[in-house]
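Structure file target_4.pdb (PDB, C-alpha atoms and all ligand atoms) is printed below.
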ATOM      1  CA  MET A   1      10.839 -10.643  19.802
ATOM      2  CA  ALA A   2      11.724 -12.068  16.367
ATOM      3  CA  PRO A   3      14.728 -10.313  14.825
ATOM      4  CA  MET A   4      14.886  -8.087  11.726
ATOM      5  CA  GLN A   5      14.502 -10.132   8.546
ATOM      6  CA  VAL A   6      17.392  -9.941   6.120
ATOM      7  CA  TYR A   7      17.284 -11.816   2.817
ATOM      8  CA  TYR A   8      20.292 -13.200   1.007
ATOM      9  CA  ALA A   9      21.236 -15.087  -2.117
ATOM     10  CA  THR A  10      24.909 -15.520  -1.262
ATOM     11  CA  GLN A  11      24.877 -19.272  -1.866
ATOM     12  CA  PHE A  12      24.507 -18.453  -5.562
ATOM     13  CA  VAL A  13      27.985 -17.217  -6.300
ATOM     14  CA  LEU A  14      28.437 -15.688  -9.691
ATOM     15  CA  PRO A  15      31.461 -17.339 -11.319
ATOM     16  CA  LEU A  16      33.908 -14.629 -12.404
ATOM     17  CA  PRO A  17      37.243 -14.947 -14.162
ATOM     18  CA  PRO A  18      40.360 -14.359 -12.000
ATOM     19  CA  GLY A  19      41.174 -10.673 -11.592
ATOM     20  CA  HIS A  20      37.609  -9.532 -12.383
ATOM     21  CA  ARG A  21      37.058  -6.141 -10.760
ATOM     22  CA  PHE A  22      33.684  -6.940  -9.201
ATOM     23  CA  PRO A  23      34.138  -7.753  -5.473
ATOM     24  CA  MET A  24      31.821 -10.786  -5.342
ATOM     25  CA  GLY A  25      33.356 -11.921  -2.037
ATOM     26  CA  LYS A  26      31.805  -8.988  -0.178
ATOM     27  CA  TYR A  27      28.367 -10.607   0.026
ATOM     28  CA  GLN A  28      29.569 -13.671   1.886
ATOM     29  CA  LEU A  29      31.783 -11.516   4.144
ATOM     30  CA  LEU A  30      28.817  -9.303   4.934
ATOM     31  CA  ARG A  31      26.609 -12.272   5.678
ATOM     32  CA  ASP A  32      29.235 -13.815   7.978
ATOM     33  CA  ARG A  33      29.776 -10.575   9.852
ATOM     34  CA  LEU A  34      26.055  -9.922  10.292
ATOM     35  CA  ALA A  35      25.576 -13.427  11.658
ATOM     36  CA  ALA A  36      28.487 -12.973  14.074
ATOM     37  CA  GLU A  37      28.059  -9.348  15.137
ATOM     38  CA  VAL A  38      24.496  -8.078  14.725
ATOM     39  CA  PRO A  39      22.272 -10.194  16.983
ATOM     40  CA  ASP A  40      18.979  -8.584  15.968
ATOM     41  CA  VAL A  41      19.252  -9.814  12.399
ATOM     42  CA  GLN A  42      17.753 -13.040  11.063
ATOM     43  CA  LEU A  43      19.251 -14.202   7.763
ATOM     44  CA  MET A  44      16.716 -15.739   5.405
ATOM     45  CA  GLN A  45      17.240 -17.335   2.010
ATOM     46  CA  ALA A  46      15.439 -15.536  -0.799
ATOM     47  CA  LEU A  47      13.213 -17.255  -3.338
ATOM     48  CA  PRO A  48      13.849 -16.444  -7.002
ATOM     49  CA  ALA A  49      11.624 -13.884  -8.730
ATOM     50  CA  SER A  50       9.391 -15.530 -11.348
ATOM     51  CA  ASP A  51       9.225 -14.577 -15.030
ATOM     52  CA  GLY A  52       5.850 -12.960 -14.370
ATOM     53  CA  GLU A  53       7.292 -10.848 -11.559
ATOM     54  CA  LEU A  54      10.324  -9.793 -13.592
ATOM     55  CA  ALA A  55       7.986  -8.872 -16.466
ATOM     56  CA  LEU A  56       6.487  -6.131 -14.304
ATOM     57  CA  ALA A  57       9.624  -4.109 -15.076
ATOM     58  CA  HIS A  58      11.453  -5.994 -17.856
ATOM     59  CA  THR A  59      10.690  -7.093 -21.407
ATOM     60  CA  LEU A  60       9.979 -10.763 -22.034
ATOM     61  CA  ALA A  61      12.764 -10.903 -24.633
ATOM     62  CA  TYR A  62      15.333  -9.682 -22.115
ATOM     63  CA  ILE A  63      14.109 -12.018 -19.349
ATOM     64  CA  GLN A  64      14.318 -14.956 -21.768
ATOM     65  CA  GLY A  65      17.752 -13.884 -23.021
ATOM     66  CA  ILE A  66      19.154 -13.861 -19.478
ATOM     67  CA  ALA A  67      17.415 -17.152 -18.636
ATOM     68  CA  ASP A  68      18.924 -19.113 -21.522
ATOM     69  CA  GLY A  69      22.100 -17.151 -22.249
ATOM     70  CA  THR A  70      21.002 -15.894 -25.665
ATOM     71  CA  VAL A  71      21.070 -12.261 -24.560
ATOM     72  CA  ASP A  72      22.904  -9.902 -26.944
ATOM     73  CA  PRO A  73      26.670 -10.053 -26.224
ATOM     74  CA  VAL A  74      26.769  -6.244 -26.354
ATOM     75  CA  ILE A  75      24.357  -6.148 -23.419
ATOM     76  CA  LEU A  76      26.425  -8.744 -21.558
ATOM     77  CA  ARG A  77      29.511  -6.591 -22.024
ATOM     78  CA  GLU A  78      27.617  -3.627 -20.605
ATOM     79  CA  ILE A  79      26.534  -5.695 -17.625
ATOM     80  CA  GLY A  80      30.167  -6.721 -17.094
ATOM     81  CA  PHE A  81      29.524 -10.333 -16.011
ATOM     82  CA  PRO A  82      29.959 -13.430 -18.180
ATOM     83  CA  TRP A  83      26.700 -15.345 -18.618
ATOM     84  CA  SER A  84      26.261 -18.632 -16.765
ATOM     85  CA  PRO A  85      23.242 -20.456 -15.321
ATOM     86  CA  ALA A  86      24.451 -19.335 -11.871
ATOM     87  CA  MET A  87      24.575 -15.713 -13.013
ATOM     88  CA  ALA A  88      20.951 -15.937 -14.197
ATOM     89  CA  GLU A  89      19.805 -17.652 -10.998
ATOM     90  CA  ARG A  90      21.620 -15.214  -8.748
ATOM     91  CA  ALA A  91      20.048 -12.251 -10.540
ATOM     92  CA  ARG A  92      16.579 -13.715  -9.965
ATOM     93  CA  ARG A  93      17.292 -14.468  -6.311
ATOM     94  CA  SER A  94      18.558 -10.965  -5.721
ATOM     95  CA  VAL A  95      15.270  -9.541  -7.039
ATOM     96  CA  GLY A  96      13.415 -12.083  -4.904
ATOM     97  CA  ALA A  97      15.303 -10.848  -1.831
ATOM     98  CA  THR A  98      14.154  -7.259  -2.349
ATOM     99  CA  ILE A  99      10.570  -8.431  -2.964
ATOM    100  CA  ALA A 100      10.653 -10.404   0.294
ATOM    101  CA  ALA A 101      12.148  -7.450   2.172
ATOM    102  CA  CYS A 102       9.357  -5.151   0.899
ATOM    103  CA  ARG A 103       6.631  -7.582   1.963
ATOM    104  CA  VAL A 104       8.123  -7.920   5.433
ATOM    105  CA  ALA A 105       8.613  -4.155   5.705
ATOM    106  CA  PHE A 106       4.839  -3.647   5.526
ATOM    107  CA  ALA A 107       4.419  -5.928   8.520
ATOM    108  CA  GLU A 108       7.491  -5.011  10.554
ATOM    109  CA  GLY A 109       8.544  -1.566   9.416
ATOM    110  CA  LEU A 110      12.028  -2.455   8.243
ATOM    111  CA  ALA A 111      13.679  -5.325   6.350
ATOM    112  CA  ALA A 112      16.617  -5.733   3.980
ATOM    113  CA  ASN A 113      18.326  -7.489   1.112
ATOM    114  CA  ILE A 114      22.063  -8.052   1.580
ATOM    115  CA  ALA A 115      22.504  -7.760  -2.177
ATOM    116  CA  GLY A 116      20.381  -5.916  -4.764
ATOM    117  CA  GLY A 117      20.169  -2.239  -5.496
ATOM    118  CA  THR A 118      20.870  -3.086  -9.149
ATOM    119  CA  HIS A 119      19.713   0.288 -10.375
ATOM    120  CA  HIS A 120      21.457   0.474 -13.757
ATOM    121  CA  ALA A 121      19.214  -2.243 -15.225
ATOM    122  CA  MET A 122      16.594  -0.933 -17.654
ATOM    123  CA  ALA A 123      13.493  -2.690 -19.000
ATOM    124  CA  ASP A 124      15.277  -4.325 -21.932
ATOM    125  CA  ARG A 125      18.924  -4.412 -20.873
ATOM    126  CA  GLY A 126      21.291  -4.470 -17.936
ATOM    127  CA  GLY A 127      24.489  -2.534 -17.359
ATOM    128  CA  GLY A 128      27.126  -1.642 -14.752
ATOM    129  CA  PHE A 129      27.033  -5.002 -12.869
ATOM    130  CA  CYS A 130      23.213  -4.945 -12.849
ATOM    131  CA  VAL A 131      21.118  -7.654 -14.529
ATOM    132  CA  PHE A 132      17.553  -7.019 -13.298
ATOM    133  CA  ASN A 133      16.277  -3.947 -11.458
ATOM    134  CA  ASP A 134      15.218  -5.356  -8.087
ATOM    135  CA  ALA A 135      13.754  -2.114  -6.745
ATOM    136  CA  ALA A 136      11.697  -1.602  -9.913
ATOM    137  CA  VAL A 137      10.295  -5.145  -9.944
ATOM    138  CA  ALA A 138       9.543  -5.050  -6.212
ATOM    139  CA  THR A 139       7.861  -1.641  -6.541
ATOM    140  CA  ARG A 140       5.539  -2.821  -9.297
ATOM    141  CA  LEU A 141       4.780  -6.079  -7.508
ATOM    142  CA  MET A 142       3.925  -4.337  -4.236
ATOM    143  CA  GLN A 143       1.661  -1.979  -6.185
ATOM    144  CA  ALA A 144      -0.027  -4.962  -7.877
ATOM    145  CA  GLU A 145      -0.513  -6.753  -4.542
ATOM    146  CA  HIS A 146      -2.045  -3.614  -3.045
ATOM    147  CA  GLY A 147      -4.199  -3.178  -6.154
ATOM    148  CA  ARG A 148      -5.663  -6.675  -5.719
ATOM    149  CA  ARG A 149      -6.859  -5.559  -2.289
ATOM    150  CA  GLY A 150      -8.366  -2.411  -3.795
ATOM    151  CA  ARG A 151      -5.656  -0.134  -2.437
ATOM    152  CA  SER A 152      -3.188   2.103  -4.210
ATOM    153  CA  LEU A 153       0.471   2.329  -3.252
ATOM    154  CA  ARG A 154       2.938   5.098  -3.959
ATOM    155  CA  VAL A 155       6.604   4.188  -3.642
ATOM    156  CA  ALA A 156       9.635   6.420  -3.078
ATOM    157  CA  ILE A 157      12.978   4.980  -4.175
ATOM    158  CA  VAL A 158      15.771   6.746  -2.302
ATOM    159  CA  ASP A 159      18.968   5.869  -4.129
ATOM    160  CA  LEU A 160      22.108   6.953  -2.279
ATOM    161  CA  ASP A 161      24.510   4.745  -4.186
ATOM    162  CA  VAL A 162      27.180   7.055  -5.602
ATOM    163  CA  HIS A 163      26.188   6.187  -9.186
ATOM    164  CA  GLN A 164      22.987   7.488 -10.724
ATOM    165  CA  GLY A 165      20.011   5.119 -10.675
ATOM    166  CA  ASN A 166      19.569   5.572 -14.403
ATOM    167  CA  GLY A 167      17.672   2.330 -14.996
ATOM    168  CA  THR A 168      15.214   3.084 -12.199
ATOM    169  CA  ALA A 169      14.703   6.647 -13.448
ATOM    170  CA  ARG A 170      14.042   5.401 -16.967
ATOM    171  CA  ILE A 171      11.630   2.642 -15.959
ATOM    172  CA  PHE A 172       9.520   5.054 -13.873
ATOM    173  CA  ARG A 173       9.957   8.110 -16.092
ATOM    174  CA  ASP A 174       6.252   8.469 -16.859
ATOM    175  CA  ASP A 175       4.903   6.920 -13.683
ATOM    176  CA  PRO A 176       3.491   9.447 -11.189
ATOM    177  CA  THR A 177       2.990   6.719  -8.553
ATOM    178  CA  VAL A 178       6.743   6.226  -8.073
ATOM    179  CA  PHE A 179       9.192   8.903  -6.962
ATOM    180  CA  THR A 180      12.830   8.307  -7.884
ATOM    181  CA  LEU A 181      15.426  10.230  -5.885
ATOM    182  CA  SER A 182      19.074   9.719  -6.806
ATOM    183  CA  MET A 183      22.064  11.455  -5.193
ATOM    184  CA  HIS A 184      25.194  10.692  -7.166
ATOM    185  CA  GLY A 185      28.580  11.867  -8.358
ATOM    186  CA  GLN A 186      28.098  14.205 -11.278
ATOM    187  CA  LYS A 187      31.245  12.988 -13.044
ATOM    188  CA  ASN A 188      30.705   9.328 -12.282
ATOM    189  CA  PHE A 189      29.190   6.432 -14.235
ATOM    190  CA  PRO A 190      26.688   6.422 -15.956
ATOM    191  CA  PHE A 191      27.997   9.262 -18.083
ATOM    192  CA  ARG A 192      24.677   9.736 -19.858
ATOM    193  CA  LYS A 193      22.228  10.226 -17.011
ATOM    194  CA  GLU A 194      18.471   9.757 -17.133
ATOM    195  CA  SER A 195      16.057  12.230 -15.591
ATOM    196  CA  GLY A 196      14.497  10.941 -12.403
ATOM    197  CA  ASP A 197      12.000  12.816 -10.243
ATOM    198  CA  LEU A 198      14.824  14.298  -8.215
ATOM    199  CA  ASP A 199      18.486  14.093  -9.223
ATOM    200  CA  VAL A 200      21.196  15.571  -7.031
ATOM    201  CA  ASP A 201      24.565  15.858  -8.770
ATOM    202  CA  LEU A 202      27.474  15.955  -6.354
ATOM    203  CA  PRO A 203      30.946  17.277  -7.182
ATOM    204  CA  ASP A 204      34.092  15.145  -6.941
ATOM    205  CA  GLY A 205      35.510  15.155  -3.433
ATOM    206  CA  CYS A 206      32.166  16.012  -1.797
ATOM    207  CA  GLY A 207      32.525  15.606   1.980
ATOM    208  CA  ASP A 208      30.202  14.885   4.907
ATOM    209  CA  ASP A 209      28.788  18.365   5.514
ATOM    210  CA  GLU A 210      27.993  19.142   1.912
ATOM    211  CA  TYR A 211      26.513  15.679   1.385
ATOM    212  CA  LEU A 212      24.290  15.710   4.457
ATOM    213  CA  GLU A 213      23.012  19.185   3.696
ATOM    214  CA  ALA A 214      22.113  18.072   0.171
ATOM    215  CA  LEU A 215      20.384  14.988   1.581
ATOM    216  CA  ASP A 216      18.289  17.040   4.015
ATOM    217  CA  THR A 217      17.245  19.321   1.176
ATOM    218  CA  ALA A 218      16.412  16.343  -1.064
ATOM    219  CA  LEU A 219      14.299  14.558   1.554
ATOM    220  CA  GLY A 220      12.437  17.802   2.239
ATOM    221  CA  ASP A 221      11.827  18.230  -1.475
ATOM    222  CA  LEU A 222      10.614  14.634  -1.828
ATOM    223  CA  GLU A 223       8.182  15.178   1.019
ATOM    224  CA  ARG A 224       6.741  18.358  -0.467
ATOM    225  CA  ARG A 225       6.154  16.687  -3.814
ATOM    226  CA  PHE A 226       5.151  13.117  -2.950
ATOM    227  CA  ASP A 227       3.360  11.087  -0.312
ATOM    228  CA  PRO A 228       4.821   7.561  -0.284
ATOM    229  CA  GLY A 229       3.395   4.438   1.354
ATOM    230  CA  LEU A 230       6.675   2.521   1.024
ATOM    231  CA  VAL A 231      10.333   3.548   0.829
ATOM    232  CA  ILE A 232      12.986   1.475  -0.903
ATOM    233  CA  TYR A 233      16.451   2.657   0.124
ATOM    234  CA  LEU A 234      19.608   1.856  -1.821
ATOM    235  CA  ALA A 235      22.320   2.165   0.823
ATOM    236  CA  GLY A 236      25.381   2.046  -1.446
ATOM    237  CA  ALA A 237      28.717   1.980   0.379
ATOM    238  CA  ASP A 238      30.466   3.652  -2.533
ATOM    239  CA  PRO A 239      30.218   7.315  -1.379
ATOM    240  CA  HIS A 240      32.864   6.336   1.240
ATOM    241  CA  GLU A 241      36.260   8.003   0.895
ATOM    242  CA  GLY A 242      37.967   4.586   0.680
ATOM    243  CA  ASP A 243      36.036   3.585  -2.439
ATOM    244  CA  ARG A 244      37.917   2.992  -5.696
ATOM    245  CA  LEU A 245      35.082   4.183  -7.909
ATOM    246  CA  GLY A 246      33.152   6.629  -5.743
ATOM    247  CA  ARG A 247      35.069   9.931  -6.130
ATOM    248  CA  LEU A 248      33.365  11.307  -2.994
ATOM    249  CA  LYS A 249      34.894  11.730   0.466
ATOM    250  CA  LEU A 250      32.352  10.607   3.033
ATOM    251  CA  THR A 251      33.876   9.423   6.314
ATOM    252  CA  TRP A 252      32.535   6.534   8.411
ATOM    253  CA  ASP A 253      30.655   9.072  10.511
ATOM    254  CA  GLY A 254      29.269  10.734   7.401
ATOM    255  CA  LEU A 255      27.953   7.456   6.003
ATOM    256  CA  GLU A 256      26.370   6.562   9.327
ATOM    257  CA  ALA A 257      24.750   9.995   9.554
ATOM    258  CA  ARG A 258      23.434   9.470   6.023
ATOM    259  CA  ASP A 259      21.799   6.175   7.004
ATOM    260  CA  ARG A 260      20.335   7.717  10.153
ATOM    261  CA  ARG A 261      18.851  10.581   8.149
ATOM    262  CA  VAL A 262      16.978   8.141   5.906
ATOM    263  CA  PHE A 263      15.851   5.712   8.626
ATOM    264  CA  ASP A 264      14.829   8.645  10.856
ATOM    265  CA  TRP A 265      12.875  10.256   8.064
ATOM    266  CA  ALA A 266      10.929   7.046   7.370
ATOM    267  CA  ALA A 267      10.466   6.130  11.036
ATOM    268  CA  GLN A 268       9.126   9.561  11.995
ATOM    269  CA  ARG A 269       6.477   9.253   9.302
ATOM    270  CA  GLY A 270       5.677   5.613  10.037
ATOM    271  CA  LEU A 271       6.749   4.606   6.522
ATOM    272  CA  PRO A 272       7.755   0.983   5.921
ATOM    273  CA  LEU A 273      11.253   0.821   4.499
ATOM    274  CA  ALA A 274      13.105  -1.949   2.664
ATOM    275  CA  PHE A 275      16.766  -1.453   1.923
ATOM    276  CA  ALA A 276      19.265  -3.064  -0.435
ATOM    277  CA  MET A 277      23.048  -2.842  -0.358
ATOM    278  CA  ALA A 278      23.779  -1.524  -3.858
ATOM    279  CA  GLY A 279      27.427  -0.745  -4.719
ATOM    280  CA  GLY A 280      30.699  -0.693  -2.838
ATOM    281  CA  TYR A 281      34.164  -1.060  -4.329
ATOM    282  CA  GLY A 282      36.565  -0.268  -1.511
ATOM    283  CA  HIS A 283      40.300  -0.280  -2.091
ATOM    284  CA  ARG A 284      39.977  -2.713   0.807
ATOM    285  CA  MET A 285      36.957  -4.999   0.493
ATOM    286  CA  GLU A 286      36.824  -5.055   4.318
ATOM    287  CA  ASP A 287      36.032  -1.337   4.273
ATOM    288  CA  THR A 288      33.063  -1.839   1.969
ATOM    289  CA  VAL A 289      31.794  -4.634   4.193
ATOM    290  CA  GLN A 290      32.388  -2.474   7.281
ATOM    291  CA  ALA A 291      30.284   0.318   5.785
ATOM    292  CA  GLN A 292      27.490  -2.159   5.126
ATOM    293  CA  VAL A 293      27.708  -3.730   8.592
ATOM    294  CA  ASN A 294      27.401  -0.200  10.000
ATOM    295  CA  THR A 295      24.221   0.333   7.976
ATOM    296  CA  PHE A 296      22.741  -2.841   9.474
ATOM    297  CA  ARG A 297      23.689  -1.816  13.018
ATOM    298  CA  VAL A 298      21.890   1.480  12.553
ATOM    299  CA  ALA A 299      18.959  -0.282  10.877
ATOM    300  CA  ALA A 300      18.623  -2.774  13.744
ATOM    301  CA  GLY A 301      18.227   0.148  16.160
ATOM    302  CA  TYR A 302      15.382   1.573  14.071
ATOM    303  CA  TRP A 303      13.850  -1.841  13.704
ATOM    304  CA  ARG A 304      13.667  -2.149  17.523
ATOM    305  CA  HIS A 305      12.105   1.294  17.655
ATOM    306  CA  TRP A 306       9.374   0.129  15.243
ATOM    307  CA  GLN A 307       8.620  -2.989  17.259
ATOM    308  CA  ASN A 308       8.369  -1.007  20.509
ATOM    309  CA  ARG A 309       5.990   1.438  18.878
ATOM    310  CA  ARG A 310       3.695  -1.340  17.749
ATOM    311  CA  ARG A 311       3.243  -2.808  21.236
TER     312      ARG A 311
HETATM  313 ZN    ZN B 401      27.410   2.426  -7.235
END

Using structure tokens, write down the structure that the file contains.
Ligand SMILES: [Zn+2]
Amino acid sequence: MAPMQVYYATQFVLPLPPGHRFPMGKYQLLRDRLAAEVPDVQLMQALPASDGELALAHTLAYIQGIADGTVDPVILREIGFPWSPAMAERARRSVGATIAACRVAFAEGLAANIAGGTHHAMADRGGGFCVFNDAAVATRLMQAEHGRRGRSLRVAIVDLDVHQGNGTARIFRDDPTVFTLSMHGQKNFPFRKESGDLDVDLPDGCGDDEYLEALDTALGDLERRFDPGLVIYLAGADPHEGDRLGRLKLTWDGLEARDRRVFDWAAQRGLPLAFAMAGGYGHRMEDTVQAQVNTFRVAAGYWRHWQNRRR
């Protein structure tokens, strides 16, 4: 049995000035730990998304501005990364990784991107460490690929990063074929939230029980209102209690139960699911990576379940 496909772009390291608060090292740590500890995972290098693919969710002016570094400095400040050719390439590869994970998910049930989940990016600008919106581009591309075969595709984006998926909500605001669910800290970034299809605001200090109850309610609500053919899951590690930016208090067990809820929900309905890592800013980077390794361990179990079902 071939293992679960996991796409990466970690060889494209975004050069950051010393002391920058973005934990770039977590991607390589995650990749190393997956290779060493999760045997059912096959790490694959992602291809970059093309201009045409990015243009499914972004304006040509913005794509060009990121490609050649002429993007408005105000936008760059909002993104929070200095521009470099490596920054532009990495952003493209990260979108490519989510695209690849979606394609494989249709065939195998479950696949992942060990980066991505860059949900603050809007059509014409990035923000909050997000350059391009991988889930948005992948959603539109999967819909286009289905459309060429005369089929329609409805996509549910389940965003459990602790920050609101404001870019995703905005991009799909008037699109009834995409359902955007975001569960996030009410008092957390972004401070001006967009309206998605289902937004769940959580109070500071929210713990496991309250969170899981809200998640059950949200998934039930999604199901009553929408009938997806693909799920894209943003498995942010930042609701963990050890996160610097999260403001919530989920334990290790709570985060694992969260992941199981989502994978269970998709598996029981036979829905292909692609997931991306999204945010994680642990006081200890090892904790963020641990949370993400845990997500992959749980995912690998569901992946095996899918393969057994298909035989
Ligand atoms: Zn986040």

Please evaluate the PyMOL selection byres (((chain A and resi 246) around 12) and not hetatm) against the structure above and give the resulting residues as number ranges by chain.
-> A: 160-164, 184-189, 202-207, 236-245, 247-250, 279-283, 288

I would like the residues chosen by the PyMOL selection byres (((chain A and resi 292-294) around 10) and not hetatm) on the shown file; could you give them as a ChimeraX atom specification?
-> /A:26-27,29-31,33-34,37-38,114,235-237,252-253,255-256,259,276-280,286-291,295-300

Can you pull out every residue within 10 Å of Val137 of chain A, counting all atoms listed in the file, but drop anything in the same chain fewer than 6 positions away, and send it as a list in words?
-> Ala49, Glu53, Leu54, Ala55, Leu56, Ala57, His58, Val95, Gly96, Thr98, Ile99, Ala123, Gln143, Thr168 and Ile171 of chain A

Expanded to explicit residues, what is the PyMOL selection byres (((chain A and resi 275) around 7) and not hetatm) for this file, as a PyMOL selection string?
-> chain A and resi 111-113+232-235+273-274+276-277

Would you kindly return, as JSON, numbers by chain, each protein, DNA or RNA residue with an atom no farther than 8 Å from any atom of segment 301-305 of chain A, considering only C-alpha atoms and excluding same-chain residues fewer than 3 positions away?
-> {"A": [4, 108, 109, 110, 263, 264, 267, 297, 298, 308, 309]}

Could you write those residues out with C-alpha atoms, as a CSV table (one decimal), in the frame of the given file?
chain,number,residue,atom,x,y,z
A,4,MET,CA,14.9,-8.1,11.7
A,108,GLU,CA,7.5,-5.0,10.6
A,109,GLY,CA,8.5,-1.6,9.4
A,110,LEU,CA,12.0,-2.5,8.2
A,263,PHE,CA,15.9,5.7,8.6
A,264,ASP,CA,14.8,8.6,10.9
A,267,ALA,CA,10.5,6.1,11.0
A,297,ARG,CA,23.7,-1.8,13.0
A,298,VAL,CA,21.9,1.5,12.6
A,308,ASN,CA,8.4,-1.0,20.5
A,309,ARG,CA,6.0,1.4,18.9

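Here atom CA of Ile63 of chain A stands at a distance of 20.8 Å from atom CA of Arg173 of chain A.
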
What are the centre and the three edge lengths of an axis-aligned box that wraps all atoms of segment 12-21 of chain A in the file, given that 5 Å is added to every side, written as AutoDock Vina command-line options and rounded to one decimal in Å?
--center_x 32.8 --center_y -12.3 --center_z -9.9 --size_x 26.7 --size_y 22.3 --size_z 18.6

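Among A:Gly229, A:Gly196, A:Pro190, A:Gly19, the residue with the shortest atom-to-atom distance to ligand ZN 401 (chain B), counting all atoms listed in the file, is A:Pro190.
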
For each of A:Gln64, A:Ser182, A:Ser94, A:Gln28, take the minimum atom-to-atom distance to ligand ZN 401 (chain B), counting only C-alpha atoms and all ligand atoms, then give the residue where this is smallest.
-> A:Ser182

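Closest approach to Pro176 of chain A among A:Asp227, A:Asp68, A:Asp221, A:Asp51 is made by A:Asp227 (distances from all atoms listed in the file).
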
N, CA and C atoms are needed for segment 171-188 of chain A; please write them out as a short mmCIF file (atom, residue, chain, number, x, y, z; two decimals), in the frame of the given file.
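The file below, out_5.cif, is the result:
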data_model
loop_
_atom_site.label_atom_id
_atom_site.label_comp_id
_atom_site.auth_asym_id
_atom_site.auth_seq_id
_atom_site.Cartn_x
_atom_site.Cartn_y
_atom_site.Cartn_z
N ILE A 171 12.80 3.53 -16.08
CA ILE A 171 11.63 2.64 -15.96
C ILE A 171 10.42 3.42 -15.44
N PHE A 172 10.65 4.34 -14.49
CA PHE A 172 9.52 5.05 -13.87
C PHE A 172 9.35 6.48 -14.40
N ARG A 173 9.95 6.75 -15.56
CA ARG A 173 9.96 8.11 -16.09
C ARG A 173 8.57 8.72 -16.17
N ASP A 174 7.60 7.92 -16.65
CA ASP A 174 6.25 8.47 -16.86
C ASP A 174 5.26 7.93 -15.83
N ASP A 175 5.77 7.54 -14.69
CA ASP A 175 4.90 6.92 -13.68
C ASP A 175 4.78 7.84 -12.47
N PRO A 176 3.63 8.51 -12.31
CA PRO A 176 3.49 9.45 -11.19
C PRO A 176 3.32 8.76 -9.84
N THR A 177 3.19 7.43 -9.82
CA THR A 177 2.99 6.72 -8.55
C THR A 177 4.31 6.31 -7.91
N VAL A 178 5.43 6.59 -8.60
CA VAL A 178 6.74 6.23 -8.07
C VAL A 178 7.64 7.46 -8.13
N PHE A 179 8.29 7.76 -7.01
CA PHE A 179 9.19 8.90 -6.96
C PHE A 179 10.62 8.38 -6.90
N THR A 180 11.44 8.76 -7.89
CA THR A 180 12.83 8.31 -7.88
C THR A 180 13.75 9.46 -7.49
N LEU A 181 14.43 9.26 -6.36
CA LEU A 181 15.43 10.23 -5.88
C LEU A 181 16.80 9.58 -6.01
N SER A 182 17.71 10.23 -6.69
CA SER A 182 19.07 9.72 -6.81
C SER A 182 20.05 10.83 -6.45
N MET A 183 20.95 10.54 -5.50
CA MET A 183 22.06 11.46 -5.19
C MET A 183 23.34 10.76 -5.64
N HIS A 184 24.08 11.40 -6.52
CA HIS A 184 25.19 10.69 -7.17
C HIS A 184 26.29 11.66 -7.59
N GLY A 185 27.46 11.08 -7.85
CA GLY A 185 28.58 11.87 -8.36
C GLY A 185 28.30 12.32 -9.78
N GLN A 186 28.40 13.62 -9.97
CA GLN A 186 28.10 14.20 -11.28
C GLN A 186 29.00 13.63 -12.37
N LYS A 187 30.29 13.43 -12.01
CA LYS A 187 31.24 12.99 -13.04
C LYS A 187 31.41 11.48 -13.08
N ASN A 188 30.54 10.77 -12.38
CA ASN A 188 30.70 9.33 -12.28
C ASN A 188 29.78 8.60 -13.27
#
